[in-house]
Amino acid sequence: MSGADREPIGELLASLASRDGRAQEARSIAERLCASALLILIRDPETGALRPGPGFPQTLPGGATWAAVLGRCAEPGEFRARIAYPDVRSFEDADVWVGAEGAAILLIGGTPHIRAREIAAASPLLLALLAAEAEADAARARAQVAGAASARANMLARSLDEARARLTVNAHALREALAEAAHLNRELQALNETLEQRVNDEMAERAKVEDELRQAQKMEAIGQLTGGVAHDFNNLLTVIIGGLDNIARQVADGLEEASLPRVKRGAEMAQKAAQRAATLTSRLLAFSRRQALDPRPLHPDRLVRDMSELLRRSLGETITLELVGAGGLWPAFADPNELEHAILNLAVNARDAMPHGGTLTIETGNVWLDEAYLASVAEPVPPGQYVLVAVSDTGMGMDAETVSRVFEPFFTTKEPGRGTGLGLSQVYGFVRQSGGHIRIYSEPDHGTTVKLYLPRVSAEVAPEVAKEVTPDATMLRGSETVLLVEDDEEVRAYSVGVLRELGYTVIEAENAAAALSALDQNPAVDLLFTDVVLPGGLHGRRLADEARRRRPALRVLFTSGYTRNAIIHNGRLDPGVQLITKPFSYGDLASRIRRVLDEHLEAAPLGDPAAEPDEATALSGSAPE
């Protein structure tokens with residue numbers, strides 16, 4: 001290209017001499033040369049990296065194409081490349097020239113009239129100017145950094161002087177604080193030496209107070225229980241003693257036809273009072289979870305439906321009975337007789353809470369008791385599936401304090417003479433002994449709901465059978481031989497008299513050893529009728545097992561007022577066990593003896609050896625019951 005051609009380029013590039021507006025002038029020159037952009041890069045004297053010259057846009061698009069171009073600019077020369085411009089999404093052709101001093105000229109895009117090397121040839125002074133400006137910018141930057149560092153150094157120096165001054169001022173206070181800390185440390189060490197003993201003394205004192213409180217609460221509960229028992233039994237014994245005394249006086253004066261009504265009335269009074277005493281004892285055993293339950297799979301909705309007529313008669317005409325069942329109700333595992341008593345107890349309580357009439361609702365359903373709910377329950381209840389029997393009334397309700405005490409024995413809100421205070425406690429004991437849970441909800445003037453949760457069972461429910469009809473006395477008689485084992489002489493005499501009056505041959509024994517001896521001497525024994533608790537170290541269950549071992553066909557009937565764990569485990573009769581609880585009447589004994597003799601033999605399994613006395617030891621009589 002001739003000198004005449006260079007002159008216009010030189011004139012164009014002369015407009016870049018001024019730093020102000022240099023970027024705009026570069027764009028104008030690029031347009032006049034038919035290019036998209038003109039960039040001049042200057043090599044940084046400190047880092048050696050190429051950067052846009054002063055006044056040019058200081059940001060390059062970047063990307064792989066720019067990395068390749070800058071890499072080729074390491075050596076002087078010229079080349080063509082395709083680069084991203086003005087951003088990484090667009091690509092343009094570029095003509096690149098790199099000088100020996102390291103500067104680079106890029107003529108990007110379009111169809112320029114000249115090459116980048118021609119621009120370099122026409123602008124040596126411009127390149128020198130840009131290099132000088134870059135050096136000056138770098139110097140100013142270094143000066144600013146140095147100034148900032150100096151300022152920070154001065155500030156640190158002042159801070160250090162202030163810190164030295166504060167340290168000097170606080171040195172005395174620090175020495176005093178260290179001395180005080182040493183003194184406190186010595187005191188702390190002295191306290192630690194006696195801390196363990198003081199903690200032990202405090203814990204012992206607290207445990208003593210807690211034991212005294214528990215003992216006081218226990219004695220208060222026992223006092224309430226015994227007071228209630230004494231009150232009710234004294235009333236019952238007054239009637240019994242009075243009736244028997246009346247009979248005795250009539251007999252002493254000589255029985256005449258005119259005195260027979262008074263004798264009969266005295267006997268009826270004594271018999272009714274004795275029956276009430278037996279009921280009271282049964283309720284106490286239920287509350288203490290010591291009654292003999294005979295649980296089986298049952299459908300609570302069917303049981304409630306079968307009770308509906310009895311419930312309506314008990315509630316009276318002013319109270320409406322509503323039964324609410326649930327589809328697909330699970331079978332429950334409970335003693336059906338005790339469940340009936342529990343529901344009847346709740347119904348009678350509800351009736352008394354609705355003196356002006358109302359509605360009693362009995363609802364059944366399936367429920368799941370989860371751990372979140374049971375966390376608030378005082379007694380341990382395993383989570384799982386339960387069958388709900390809920391008894392609700394629209395009566396007067398109770399406040400929170402009353403609800404908290406309703407399950408206590410002999411606690412009642414009824415007037416004197418209208419209740420023993422054992423109804424709800426009996427229901428509570430039955431449900432807990434059955435492995436279930438009971439909850440009561442009540443609010444004054446809004447009624448009460450008692451919810452019984454009975455454990456679900458997967459076994460099939462036996463088909464319903466008609467209830468037994470008590471046969472007359474002629475059908476209850478028999479001629480079989482009964483071996484009677486009872487250590488209480490009066491109870492034994494009464495039982496022997498009843499059995500002989502019924503026609504049975506009776507062999508008496510007062511303990512297990514005498515019973516086994518009598519069994520060996522009398523091969524005609526058909527039934528062993530034995531008390532569970534016997535003297536001599538061999539209880540009734542062990543006696544029955546040994547007798548069955550000697551006589552496999554022997555039938556067994558147990559009796560007891562309280563069985564402990566001989567034939568009842570986890571609150572339930574052992575499989576195959578027949579039991580008549582004390583006290584029993586003439587009719588009860590006659591019916592039960594006859595039924596056991598008429599049934600097919602179902603031998604009761606032996607008890608758990610780990611829970612029973614060793615058989616050899618028990619037979620020797622050296623291990624008392």
# chains A, B, ... in the order shown; residues from 1 in each chain; ligands from 1

call {"tool": "residues_around", "arguments": {"residues": "A:Val556", "least_positions_apart": "4", "cutoff": "9 Å", "atoms": "only C-alpha atoms", "output": "PyMOL selection string"}}
result
chain A and resi 526-530+544+548+577-579+596-597+603-604

call {"tool": "residues_around", "arguments": {"residues": "A:Arg551", "least_positions_apart": "2", "cutoff": "10 Å", "atoms": "only C-alpha atoms", "output": "ChimeraX atom specification"}}
result
/A:519-520,523,525-526,544-549,553-555

call {"tool": "closest_residue", "arguments": {"among": "A:Pro45, A:Gly99, A:Asn337, A:Arg432", "to": "A:Ala120", "atoms": "only C-alpha atoms"}}
result
A:Gly99

call {"tool": "residues_around", "arguments": {"residues": "A:Leu16", "least_positions_apart": "5", "cutoff": "9 Å", "atoms": "only C-alpha atoms", "output": "VMD selection string"}}
result
chain A and resid 21 to 23 25 to 26 126

call {"tool": "atom_distance", "arguments": {"atom1": "atom CA of A:Leu369", "atom2": "atom CA of A:Asn349"}}
result
26.4 Å

call {"tool": "residues_around", "arguments": {"residues": "A:Glu118", "least_positions_apart": "3", "cutoff": "10 Å", "atoms": "only C-alpha atoms", "output": "ChimeraX atom specification"}}
result
/A:1,6,9,97,105,114-115,121-123

call {"tool": "write_last_selection", "arguments": {"atoms": "C-alpha atoms", "output": "PDB file, in the first residue's frame"}}
result
ATOM      1  CA  MET A   1       0.000   0.000   0.000  1.00  0.00           C
ATOM      2  CA  ARG A   6      -1.570   5.256   4.623  1.00  0.00           C
ATOM      3  CA  ILE A   9      -5.488   5.677   8.019  1.00  0.00           C
ATOM      4  CA  TRP A  97      -1.739  -8.759  14.154  1.00  0.00           C
ATOM      5  CA  ILE A 105      -4.602  -5.312  16.875  1.00  0.00           C
ATOM      6  CA  ILE A 114      -7.300  -2.988   4.949  1.00  0.00           C
ATOM      7  CA  ARG A 115      -5.529  -5.530   7.178  1.00  0.00           C
ATOM      8  CA  ALA A 121       2.166   0.081  10.491  1.00  0.00           C
ATOM      9  CA  ALA A 122       0.244   3.377  10.431  1.00  0.00           C
ATOM     10  CA  SER A 123       0.029   3.789  14.237  1.00  0.00           C
TER      11      SER A 123
END

call {"tool": "residues_around", "arguments": {"residues": "A:Ser392", "least_positions_apart": "3", "cutoff": "12 Å", "atoms": "only C-alpha atoms", "output": "PyMOL selection string"}}
result
chain A and resi 320-324+343+346-351+353-354+358-364+389+395-397+439-443+446-452

call {"tool": "write_last_selection", "arguments": {"atoms": "N, CA, C and O atoms", "output": "compact mmCIF listing (two decimals), in the first residue's frame"}}
result
# COMPACT_ATOMS: atom_id res chain seq x y z
N THR A 320 -84.66 -43.65 76.90
CA THR A 320 -84.63 -44.30 75.58
C THR A 320 -83.29 -45.00 75.40
O THR A 320 -82.23 -44.41 75.66
N LEU A 321 -83.34 -46.24 74.94
CA LEU A 321 -82.12 -47.01 74.68
C LEU A 321 -81.85 -47.02 73.18
O LEU A 321 -82.72 -47.40 72.40
N GLU A 322 -80.64 -46.64 72.79
CA GLU A 322 -80.23 -46.67 71.39
C GLU A 322 -78.98 -47.52 71.25
O GLU A 322 -78.03 -47.35 72.01
N LEU A 323 -79.02 -48.45 70.28
CA LEU A 323 -77.87 -49.32 70.01
C LEU A 323 -77.30 -48.94 68.65
O LEU A 323 -78.01 -48.91 67.66
N VAL A 324 -76.01 -48.66 68.61
CA VAL A 324 -75.34 -48.25 67.37
C VAL A 324 -74.22 -49.25 67.09
O VAL A 324 -73.22 -49.30 67.82
N ILE A 343 -71.49 -53.82 81.43
CA ILE A 343 -72.42 -52.98 80.67
C ILE A 343 -73.64 -52.65 81.51
O ILE A 343 -74.14 -51.51 81.51
N LEU A 346 -72.77 -49.97 84.03
CA LEU A 346 -72.71 -48.65 83.41
C LEU A 346 -74.10 -48.13 83.09
O LEU A 346 -74.38 -46.93 83.23
N ALA A 347 -74.98 -49.03 82.64
CA ALA A 347 -76.35 -48.61 82.32
C ALA A 347 -77.09 -48.14 83.58
O ALA A 347 -77.81 -47.13 83.55
N VAL A 348 -76.92 -48.84 84.68
CA VAL A 348 -77.59 -48.45 85.92
C VAL A 348 -77.05 -47.11 86.42
O VAL A 348 -77.81 -46.24 86.87
N ASN A 349 -75.72 -46.91 86.33
CA ASN A 349 -75.15 -45.61 86.70
C ASN A 349 -75.72 -44.50 85.83
O ASN A 349 -76.02 -43.40 86.31
N ALA A 350 -75.84 -44.78 84.52
CA ALA A 350 -76.39 -43.78 83.61
C ALA A 350 -77.85 -43.48 83.95
O ALA A 350 -78.29 -42.32 83.90
N ARG A 351 -78.60 -44.51 84.30
CA ARG A 351 -80.00 -44.29 84.68
C ARG A 351 -80.10 -43.36 85.88
O ARG A 351 -80.92 -42.43 85.91
N ALA A 353 -78.05 -41.13 86.69
CA ALA A 353 -77.63 -39.78 86.31
C ALA A 353 -78.69 -39.06 85.48
O ALA A 353 -78.49 -37.89 85.13
N MET A 354 -79.78 -39.75 85.12
CA MET A 354 -80.87 -39.14 84.33
C MET A 354 -82.19 -39.30 85.07
O MET A 354 -83.08 -40.03 84.61
N GLY A 358 -84.01 -39.42 79.63
CA GLY A 358 -82.94 -39.08 78.69
C GLY A 358 -82.71 -40.22 77.72
O GLY A 358 -83.59 -41.05 77.49
N THR A 359 -81.49 -40.26 77.19
CA THR A 359 -81.14 -41.28 76.19
C THR A 359 -79.85 -41.96 76.60
O THR A 359 -78.87 -41.30 76.97
N LEU A 360 -79.88 -43.30 76.55
CA LEU A 360 -78.67 -44.10 76.78
C LEU A 360 -78.28 -44.71 75.45
O LEU A 360 -79.08 -45.41 74.81
N THR A 361 -77.05 -44.47 75.00
CA THR A 361 -76.55 -44.98 73.73
C THR A 361 -75.40 -45.93 73.98
O THR A 361 -74.44 -45.59 74.68
N ILE A 362 -75.50 -47.13 73.41
CA ILE A 362 -74.41 -48.11 73.49
C ILE A 362 -73.90 -48.32 72.07
O ILE A 362 -74.64 -48.76 71.19
N GLU A 363 -72.63 -48.00 71.87
CA GLU A 363 -72.03 -48.03 70.53
C GLU A 363 -70.87 -49.01 70.51
O GLU A 363 -70.09 -49.08 71.46
N THR A 364 -70.74 -49.76 69.42
CA THR A 364 -69.61 -50.68 69.24
C THR A 364 -68.87 -50.30 67.97
O THR A 364 -69.46 -49.79 67.02
N VAL A 389 -66.54 -50.61 73.11
CA VAL A 389 -67.92 -50.61 73.60
C VAL A 389 -68.08 -49.30 74.38
O VAL A 389 -67.47 -49.14 75.45
N GLY A 395 -77.13 -37.42 80.83
CA GLY A 395 -77.45 -37.05 82.21
C GLY A 395 -76.73 -35.82 82.69
O GLY A 395 -76.22 -35.00 81.91
N MET A 396 -76.60 -35.70 84.01
CA MET A 396 -76.10 -34.49 84.65
C MET A 396 -74.59 -34.32 84.50
O MET A 396 -74.07 -33.22 84.66
N GLY A 397 -73.85 -35.41 84.20
CA GLY A 397 -72.40 -35.31 84.01
C GLY A 397 -71.65 -35.09 85.30
O GLY A 397 -72.23 -35.03 86.40
N ARG A 439 -61.67 -45.56 79.43
CA ARG A 439 -61.56 -44.10 79.48
C ARG A 439 -62.93 -43.51 79.70
O ARG A 439 -63.92 -44.00 79.13
N ILE A 440 -63.02 -42.47 80.52
CA ILE A 440 -64.30 -41.84 80.82
C ILE A 440 -64.22 -40.36 80.45
O ILE A 440 -63.20 -39.70 80.69
N TYR A 441 -65.27 -39.87 79.79
CA TYR A 441 -65.38 -38.47 79.41
C TYR A 441 -66.69 -37.93 79.98
O TYR A 441 -67.74 -38.55 79.79
N SER A 442 -66.63 -36.79 80.64
CA SER A 442 -67.84 -36.25 81.23
C SER A 442 -67.70 -34.74 81.40
O SER A 442 -66.59 -34.21 81.52
N GLU A 443 -68.85 -34.08 81.38
CA GLU A 443 -68.90 -32.64 81.56
C GLU A 443 -70.22 -32.31 82.23
O GLU A 443 -71.26 -32.85 81.83
N HIS A 446 -73.76 -32.09 80.48
CA HIS A 446 -73.61 -32.56 79.10
C HIS A 446 -73.43 -34.07 79.02
O HIS A 446 -73.06 -34.60 77.98
N GLY A 447 -73.66 -34.78 80.10
CA GLY A 447 -73.64 -36.24 80.05
C GLY A 447 -72.27 -36.84 80.23
O GLY A 447 -71.26 -36.16 80.45
N THR A 448 -72.24 -38.17 80.13
CA THR A 448 -71.02 -38.95 80.38
C THR A 448 -70.89 -40.04 79.33
O THR A 448 -71.89 -40.63 78.90
N THR A 449 -69.66 -40.32 78.92
CA THR A 449 -69.37 -41.43 78.03
C THR A 449 -68.25 -42.27 78.64
O THR A 449 -67.20 -41.74 79.00
N VAL A 450 -68.51 -43.56 78.79
CA VAL A 450 -67.48 -44.50 79.27
C VAL A 450 -67.13 -45.42 78.10
O VAL A 450 -68.00 -46.08 77.53
N LYS A 451 -65.84 -45.45 77.75
CA LYS A 451 -65.39 -46.25 76.61
C LYS A 451 -64.56 -47.43 77.12
O LYS A 451 -63.56 -47.25 77.82
N LEU A 452 -65.02 -48.64 76.75
CA LEU A 452 -64.29 -49.87 77.07
C LEU A 452 -63.57 -50.34 75.81
O LEU A 452 -64.20 -50.55 74.77

call {"tool": "atom_distance", "arguments": {"atom1": "atom CA of A:Ser314", "atom2": "atom CA of A:Gly328"}}
result
29.3 Å

call {"tool": "atom_distance", "arguments": {"atom1": "atom CA of A:Asp487", "atom2": "atom CA of A:Ala509"}}
result
7.8 Å

call {"tool": "residues_around", "arguments": {"residues": "A:Ala64", "least_positions_apart": "3", "cutoff": "12 Å", "atoms": "only C-alpha atoms", "output": "PDB file with all heavy atoms, in the first residue's frame"}}
result
ATOM      1  N   PRO A  61     -15.514 -11.073  25.506  1.00  0.00           N
ATOM      2  CA  PRO A  61     -16.585 -12.078  25.629  1.00  0.00           C
ATOM      3  C   PRO A  61     -16.119 -13.365  26.289  1.00  0.00           C
ATOM      4  O   PRO A  61     -16.874 -14.018  26.994  1.00  0.00           O
ATOM      5  CB  PRO A  61     -17.033 -12.311  24.181  1.00  0.00           C
ATOM      6  CG  PRO A  61     -16.640 -11.070  23.462  1.00  0.00           C
ATOM      7  CD  PRO A  61     -15.388 -10.604  24.105  1.00  0.00           C
ATOM      8  N   ALA A  67      -9.856 -17.934  24.128  1.00  0.00           N
ATOM      9  CA  ALA A  67      -8.684 -18.574  24.740  1.00  0.00           C
ATOM     10  C   ALA A  67      -7.678 -19.005  23.671  1.00  0.00           C
ATOM     11  O   ALA A  67      -6.463 -18.855  23.836  1.00  0.00           O
ATOM     12  CB  ALA A  67      -9.135 -19.761  25.574  1.00  0.00           C
ATOM     13  N   ALA A  68      -8.195 -19.520  22.523  1.00  0.00           N
ATOM     14  CA  ALA A  68      -7.292 -19.945  21.432  1.00  0.00           C
ATOM     15  C   ALA A  68      -6.577 -18.757  20.807  1.00  0.00           C
ATOM     16  O   ALA A  68      -5.370 -18.812  20.527  1.00  0.00           O
ATOM     17  CB  ALA A  68      -8.094 -20.706  20.375  1.00  0.00           C
ATOM     18  N   VAL A  69      -7.310 -17.646  20.571  1.00  0.00           N
ATOM     19  CA  VAL A  69      -6.699 -16.459  19.959  1.00  0.00           C
ATOM     20  C   VAL A  69      -5.617 -15.886  20.863  1.00  0.00           C
ATOM     21  O   VAL A  69      -4.501 -15.567  20.428  1.00  0.00           O
ATOM     22  CB  VAL A  69      -7.789 -15.411  19.650  1.00  0.00           C
ATOM     23  CG1 VAL A  69      -7.159 -14.067  19.311  1.00  0.00           C
ATOM     24  CG2 VAL A  69      -8.657 -15.881  18.519  1.00  0.00           C
ATOM     25  N   LEU A  70      -5.922 -15.713  22.161  1.00  0.00           N
ATOM     26  CA  LEU A  70      -4.943 -15.146  23.086  1.00  0.00           C
ATOM     27  C   LEU A  70      -3.732 -16.053  23.214  1.00  0.00           C
ATOM     28  O   LEU A  70      -2.607 -15.576  23.439  1.00  0.00           O
ATOM     29  CB  LEU A  70      -5.596 -14.922  24.450  1.00  0.00           C
ATOM     30  CG  LEU A  70      -6.714 -13.867  24.481  1.00  0.00           C
ATOM     31  CD1 LEU A  70      -7.356 -13.800  25.874  1.00  0.00           C
ATOM     32  CD2 LEU A  70      -6.182 -12.496  24.095  1.00  0.00           C
ATOM     33  N   GLY A  71      -3.977 -17.386  23.117  1.00  0.00           N
ATOM     34  CA  GLY A  71      -2.831 -18.290  23.148  1.00  0.00           C
ATOM     35  C   GLY A  71      -1.918 -18.085  21.949  1.00  0.00           C
ATOM     36  O   GLY A  71      -0.686 -18.138  22.080  1.00  0.00           O
ATOM     37  N   ARG A  82     -11.590 -17.208  13.981  1.00  0.00           N
ATOM     38  CA  ARG A  82     -13.037 -17.027  14.175  1.00  0.00           C
ATOM     39  C   ARG A  82     -13.286 -16.993  15.678  1.00  0.00           C
ATOM     40  O   ARG A  82     -12.993 -17.950  16.394  1.00  0.00           O
ATOM     41  CB  ARG A  82     -13.812 -18.170  13.529  1.00  0.00           C
ATOM     42  CG  ARG A  82     -15.327 -17.947  13.529  1.00  0.00           C
ATOM     43  CD  ARG A  82     -15.995 -18.942  12.606  1.00  0.00           C
ATOM     44  NE  ARG A  82     -17.445 -18.771  12.587  1.00  0.00           N
ATOM     45  CZ  ARG A  82     -18.099 -17.853  11.879  1.00  0.00           C
ATOM     46  NH1 ARG A  82     -17.395 -17.005  11.120  1.00  0.00           N
ATOM     47  NH2 ARG A  82     -19.417 -17.758  11.900  1.00  0.00           N
ATOM     48  N   ILE A  83     -13.827 -15.884  16.135  1.00  0.00           N
ATOM     49  CA  ILE A  83     -13.985 -15.676  17.567  1.00  0.00           C
ATOM     50  C   ILE A  83     -15.412 -15.275  17.892  1.00  0.00           C
ATOM     51  O   ILE A  83     -16.172 -14.862  17.014  1.00  0.00           O
ATOM     52  CB  ILE A  83     -13.012 -14.599  18.097  1.00  0.00           C
ATOM     53  CG1 ILE A  83     -13.264 -13.278  17.376  1.00  0.00           C
ATOM     54  CG2 ILE A  83     -11.577 -15.040  17.950  1.00  0.00           C
ATOM     55  CD1 ILE A  83     -12.424 -12.153  17.901  1.00  0.00           C
ATOM     56  N   ALA A  84     -15.770 -15.440  19.227  1.00  0.00           N
ATOM     57  CA  ALA A  84     -17.091 -15.032  19.718  1.00  0.00           C
ATOM     58  C   ALA A  84     -17.094 -13.519  19.904  1.00  0.00           C
ATOM     59  O   ALA A  84     -16.266 -12.983  20.640  1.00  0.00           O
ATOM     60  CB  ALA A  84     -17.406 -15.718  21.034  1.00  0.00           C
ATOM     61  N   VAL A  88     -20.713 -14.543  23.586  1.00  0.00           N
ATOM     62  CA  VAL A  88     -20.374 -15.948  23.312  1.00  0.00           C
ATOM     63  C   VAL A  88     -21.395 -16.620  22.411  1.00  0.00           C
ATOM     64  O   VAL A  88     -21.189 -17.751  21.979  1.00  0.00           O
ATOM     65  CB  VAL A  88     -20.261 -16.727  24.646  1.00  0.00           C
ATOM     66  CG1 VAL A  88     -19.089 -16.209  25.468  1.00  0.00           C
ATOM     67  CG2 VAL A  88     -21.560 -16.621  25.441  1.00  0.00           C
ATOM     68  N   ARG A  89     -22.525 -15.943  22.127  1.00  0.00           N
ATOM     69  CA  ARG A  89     -23.541 -16.554  21.264  1.00  0.00           C
ATOM     70  C   ARG A  89     -23.333 -16.218  19.791  1.00  0.00           C
ATOM     71  O   ARG A  89     -23.993 -16.782  18.934  1.00  0.00           O
ATOM     72  CB  ARG A  89     -24.931 -16.087  21.715  1.00  0.00           C
ATOM     73  CG  ARG A  89     -25.301 -16.558  23.116  1.00  0.00           C
ATOM     74  CD  ARG A  89     -26.574 -15.916  23.604  1.00  0.00           C
ATOM     75  NE  ARG A  89     -26.381 -14.468  23.768  1.00  0.00           N
ATOM     76  CZ  ARG A  89     -27.335 -13.629  24.167  1.00  0.00           C
ATOM     77  NH1 ARG A  89     -28.543 -14.098  24.433  1.00  0.00           N
ATOM     78  NH2 ARG A  89     -27.084 -12.335  24.288  1.00  0.00           N
ATOM     79  N   PHE A  91     -20.501 -15.387  16.496  1.00  0.00           N
ATOM     80  CA  PHE A  91     -19.130 -15.637  16.035  1.00  0.00           C
ATOM     81  C   PHE A  91     -18.849 -14.765  14.804  1.00  0.00           C
ATOM     82  O   PHE A  91     -19.703 -14.622  13.913  1.00  0.00           O
ATOM     83  CB  PHE A  91     -18.924 -17.111  15.696  1.00  0.00           C
ATOM     84  CG  PHE A  91     -18.994 -18.012  16.900  1.00  0.00           C
ATOM     85  CD1 PHE A  91     -20.200 -18.532  17.321  1.00  0.00           C
ATOM     86  CD2 PHE A  91     -17.839 -18.284  17.622  1.00  0.00           C
ATOM     87  CE1 PHE A  91     -20.266 -19.341  18.426  1.00  0.00           C
ATOM     88  CE2 PHE A  91     -17.901 -19.098  18.731  1.00  0.00           C
ATOM     89  CZ  PHE A  91     -19.119 -19.630  19.141  1.00  0.00           C
TER      90      PHE A  91
END

call {"tool": "select_by_dssp", "arguments": {"residues": "stretch 278-449 of chain A", "states": "helix (DSSP H, G or I)", "output": "PyMOL selection string"}}
result
chain A and resi 278-287+300-315+336-352+371-374+400-403+423-433

call {"tool": "residues_around", "arguments": {"residues": "A:Gly53", "least_positions_apart": "6", "cutoff": "8 Å", "atoms": "only C-alpha atoms", "output": "list in words"}}
result
Ile40, Leu41, Ile42, Leu130, Ala131 and Ala134 of chain A

call {"tool": "write_last_selection", "arguments": {"atoms": "all heavy atoms", "output": "PDB file, in the first residue's frame"}}
result
ATOM      1  N   ILE A  40      -7.615  -2.934  20.297  1.00  0.00           N
ATOM      2  CA  ILE A  40      -6.160  -2.903  20.470  1.00  0.00           C
ATOM      3  C   ILE A  40      -5.881  -3.441  21.868  1.00  0.00           C
ATOM      4  O   ILE A  40      -6.383  -2.893  22.867  1.00  0.00           O
ATOM      5  CB  ILE A  40      -5.595  -1.481  20.285  1.00  0.00           C
ATOM      6  CG1 ILE A  40      -5.904  -0.966  18.876  1.00  0.00           C
ATOM      7  CG2 ILE A  40      -4.096  -1.465  20.557  1.00  0.00           C
ATOM      8  CD1 ILE A  40      -5.424   0.456  18.626  1.00  0.00           C
ATOM      9  N   LEU A  41      -5.074  -4.518  21.968  1.00  0.00           N
ATOM     10  CA  LEU A  41      -4.728  -5.153  23.230  1.00  0.00           C
ATOM     11  C   LEU A  41      -3.294  -4.821  23.581  1.00  0.00           C
ATOM     12  O   LEU A  41      -2.400  -4.848  22.714  1.00  0.00           O
ATOM     13  CB  LEU A  41      -4.904  -6.665  23.149  1.00  0.00           C
ATOM     14  CG  LEU A  41      -6.283  -7.179  22.677  1.00  0.00           C
ATOM     15  CD1 LEU A  41      -6.292  -8.703  22.632  1.00  0.00           C
ATOM     16  CD2 LEU A  41      -7.386  -6.653  23.568  1.00  0.00           C
ATOM     17  N   ILE A  42      -3.018  -4.477  24.845  1.00  0.00           N
ATOM     18  CA  ILE A  42      -1.681  -4.141  25.339  1.00  0.00           C
ATOM     19  C   ILE A  42      -1.298  -5.186  26.375  1.00  0.00           C
ATOM     20  O   ILE A  42      -2.099  -5.551  27.248  1.00  0.00           O
ATOM     21  CB  ILE A  42      -1.660  -2.737  25.958  1.00  0.00           C
ATOM     22  CG1 ILE A  42      -2.113  -1.695  24.939  1.00  0.00           C
ATOM     23  CG2 ILE A  42      -0.273  -2.394  26.481  1.00  0.00           C
ATOM     24  CD1 ILE A  42      -1.234  -1.612  23.708  1.00  0.00           C
ATOM     25  N   LEU A 130      -0.633   4.011  24.027  1.00  0.00           N
ATOM     26  CA  LEU A 130      -1.466   3.085  24.799  1.00  0.00           C
ATOM     27  C   LEU A 130      -0.640   2.325  25.836  1.00  0.00           C
ATOM     28  O   LEU A 130      -1.075   2.095  26.971  1.00  0.00           O
ATOM     29  CB  LEU A 130      -2.185   2.110  23.875  1.00  0.00           C
ATOM     30  CG  LEU A 130      -3.238   2.726  22.936  1.00  0.00           C
ATOM     31  CD1 LEU A 130      -3.782   1.669  21.972  1.00  0.00           C
ATOM     32  CD2 LEU A 130      -4.373   3.345  23.738  1.00  0.00           C
ATOM     33  N   ALA A 131       0.583   1.914  25.429  1.00  0.00           N
ATOM     34  CA  ALA A 131       1.450   1.196  26.375  1.00  0.00           C
ATOM     35  C   ALA A 131       1.817   2.098  27.545  1.00  0.00           C
ATOM     36  O   ALA A 131       1.852   1.672  28.703  1.00  0.00           O
ATOM     37  CB  ALA A 131       2.701   0.687  25.663  1.00  0.00           C
ATOM     38  N   ALA A 134      -1.166   2.455  29.807  1.00  0.00           N
ATOM     39  CA  ALA A 134      -1.361   1.242  30.610  1.00  0.00           C
ATOM     40  C   ALA A 134      -0.369   1.183  31.763  1.00  0.00           C
ATOM     41  O   ALA A 134      -0.704   0.818  32.889  1.00  0.00           O
ATOM     42  CB  ALA A 134      -1.229  -0.005  29.724  1.00  0.00           C
TER      43      ALA A 134
END

call {"tool": "closest_residue", "arguments": {"among": "A:Arg500, A:Leu534, A:Gly384, A:Ala81", "to": "A:Arg456", "atoms": "only C-alpha atoms"}}
result
A:Gly384

call {"tool": "select_by_dssp", "arguments": {"residues": "stretch 334-379 of chain A", "states": "strand (DSSP E or B)", "output": "ChimeraX atom specification"}}
result
/A:334,358-369

call {"tool": "write_last_selection", "arguments": {"atoms": "C-alpha atoms", "output": "CSV table (one decimal), in the first residue's frame"}}
result
chain,number,residue,atom,x,y,z
A,334,ALA,CA,-63.3,-61.2,77.1
A,358,GLY,CA,-82.9,-39.1,78.7
A,359,THR,CA,-81.1,-41.3,76.2
A,360,LEU,CA,-78.7,-44.1,76.8
A,361,THR,CA,-76.6,-45.0,73.7
A,362,ILE,CA,-74.4,-48.1,73.5
A,363,GLU,CA,-72.0,-48.0,70.5
A,364,THR,CA,-69.6,-50.7,69.2
A,365,GLY,CA,-66.8,-50.2,66.8
A,366,ASN,CA,-63.2,-51.0,65.7
A,367,VAL,CA,-60.4,-48.8,66.9
A,368,TRP,CA,-56.6,-48.5,66.8
A,369,LEU,CA,-54.9,-47.2,69.9
